[in-house]
Amino acid sequence: MKKSFIAAFFLFMSLHLFAQKVGFWFDTGLKAGAGLSLLQNNNIFSDRDYEMFLSTGYSLGGKVGIFYGYNHGINIDAMYTHGSQKYEFVHGENKNANHKISWSTTDVALLYRMQKASVYVELGPQMSFVNGVTQTIQADNQPTDLKKYFNEQLPSAVFGVGGYVFSTGTFTLMFGMRAIYGLTDMISNEGKSANYPNPLGTKVPYETYAETHPLQLLFMFEANYGIGYFAKTTCSDRMTFFRFN
């Protein structure tokens, strides 16, 4: 039944658009995602006294899509994202002291999307603006607000795959997976001096510095609404905007 709805939708779109000389078409939508996050740091990964755990994250926001033809387009995403990283470390007599770093960002992504046969692939750059960074740690005299120890902006690479779940008229529901990897060091110069992200590790400072890159793997839900398209009618060479009915 689901495949029948999707096939009917694309058949309707094909017949409707082929009556004109199709130019660009537009959609807009809401997005939500949840999954795993971590702060990738090779020094901590190799430190047996500072253990990393896969932690949780989520992302909420919206998009505007600009497509040409049926298969190729550009999505502009605006998202609010939350990530976290949990650790256990050796601190004095406590062999399993807890440490958690949480961060939130406002993200703007420019993504190329190819969609065909009810499946999509997307990739492109993202710029994140750090709203805040906090920590909880089982140790005395440690700050809770870490924003000054982290850079204010972070460029990332985004890659995602998914497909259509349901479609009716101009509304489509999609499900997929998205990977977001920070391309530059998340730690500021002040944070490096304070040995973040693990200020109390038994082996800090390490012999060589290792950068910290956030990574998120999210399951994504997307609800889209088709707005309309520019096209040339069969009896005119002028481009006209048509709304999807």
# chains A, B, ... in the order shown; residues from 1 in each chain; ligands from 1
$ select_by_dssp --residues "region 7-190 of chain A" --states "strand (DSSP E or B)" --output "JSON, numbers by chain"
{"A": [20, 21, 22, 23, 24, 25, 26, 27, 28, 29, 30, 31, 32, 33, 34, 35, 36, 37, 38, 39, 40, 50, 51, 52, 53, 55, 56, 57, 58, 59, 60, 61, 62, 63, 64, 65, 66, 67, 68, 72, 73, 74, 75, 76, 77, 78, 79, 80, 81, 82, 83, 84, 85, 86, 87, 88, 89, 90, 91, 94, 95, 96, 97, 98, 99, 100, 101, 102, 103, 104, 105, 106, 107, 108, 109, 110, 111, 112, 113, 114, 115, 116, 119, 120, 121, 122, 123, 124, 125, 126, 127, 128, 129, 130, 131, 132, 133, 134, 135, 136, 137, 145, 150, 153, 154, 155, 156, 157, 158, 159, 160, 161, 162, 163, 164, 165, 166, 167, 168, 171, 172, 173, 174, 175, 176, 177, 178, 179, 180, 181, 182, 187]}
$ residues_around --residues "region 72-81 of chain A" --least-positions-apart "4" --cutoff "9 Å" --atoms "only C-alpha atoms" --output "MDAnalysis selection string"
chainID A and resid 31:32 57:68 103:116 122 126
$ write_last_selection --atoms "C-alpha atoms" --output "JSON list (two decimals), in the first residue's frame"
[["chain", "number", "residue", "atom", "x", "y", "z"],
["A", 31, "LYS", "CA", 12.96, 17.86, 10.49],
["A", 32, "ALA", "CA", 13.73, 15.98, 13.69],
["A", 57, "GLY", "CA", 22.13, 13.76, 20.79],
["A", 58, "TYR", "CA", 19.20, 15.22, 18.88],
["A", 59, "SER", "CA", 18.41, 17.83, 16.26],
["A", 60, "LEU", "CA", 15.27, 19.88, 15.45],
["A", 61, "GLY", "CA", 14.55, 22.36, 12.70],
["A", 62, "GLY", "CA", 13.35, 22.97, 9.17],
["A", 63, "LYS", "CA", 14.38, 23.15, 5.53],
["A", 64, "VAL", "CA", 13.71, 24.81, 2.20],
["A", 65, "GLY", "CA", 14.33, 22.78, -0.94],
["A", 66, "ILE", "CA", 15.01, 24.04, -4.48],
["A", 67, "PHE", "CA", 14.93, 21.33, -7.17],
["A", 68, "TYR", "CA", 15.48, 21.20, -10.90],
["A", 103, "TRP", "CA", 26.87, 21.28, 23.91],
["A", 104, "SER", "CA", 24.20, 22.96, 21.81],
["A", 105, "THR", "CA", 24.56, 24.61, 18.40],
["A", 106, "THR", "CA", 22.56, 26.45, 15.77],
["A", 107, "ASP", "CA", 23.36, 24.86, 12.41],
["A", 108, "VAL", "CA", 22.97, 26.04, 8.83],
["A", 109, "ALA", "CA", 23.61, 23.39, 6.15],
["A", 110, "LEU", "CA", 23.71, 23.66, 2.35],
["A", 111, "LEU", "CA", 23.10, 20.15, 1.01],
["A", 112, "TYR", "CA", 22.98, 18.72, -2.47],
["A", 113, "ARG", "CA", 20.25, 16.07, -2.69],
["A", 114, "MET", "CA", 19.75, 13.42, -5.34],
["A", 115, "GLN", "CA", 16.48, 11.52, -5.12],
["A", 116, "LYS", "CA", 15.39, 8.70, -7.38],
["A", 122, "GLU", "CA", 22.48, 14.11, 0.44],
["A", 126, "GLN", "CA", 27.41, 22.85, 7.49]]
$ residues_around --residues "region 40-52 of chain A" --least-positions-apart "4" --cutoff "8 Å" --atoms "only C-alpha atoms" --output "ChimeraX atom specification"
/A:85-90,198,201-203,206,209-215
$ closest_residue --among "A:Tyr196, A:Thr56, A:Ser188, A:Tyr149" --to "Ala34 (chain A)" --atoms "only C-alpha atoms"
A:Thr56
$ residues_around --residues "region 162-166 of chain A" --least-positions-apart "3" --cutoff "9 Å" --atoms "only C-alpha atoms" --output "list in words"
Lys2, Lys3, Phe5, Ile6, Gln115, Ala117, Ser118, Val119, Tyr120, Val121, Glu122, Phe171, Thr172, Leu173, Met174, Phe175, Gly176, Met177, Arg178 and Met220 of chain A
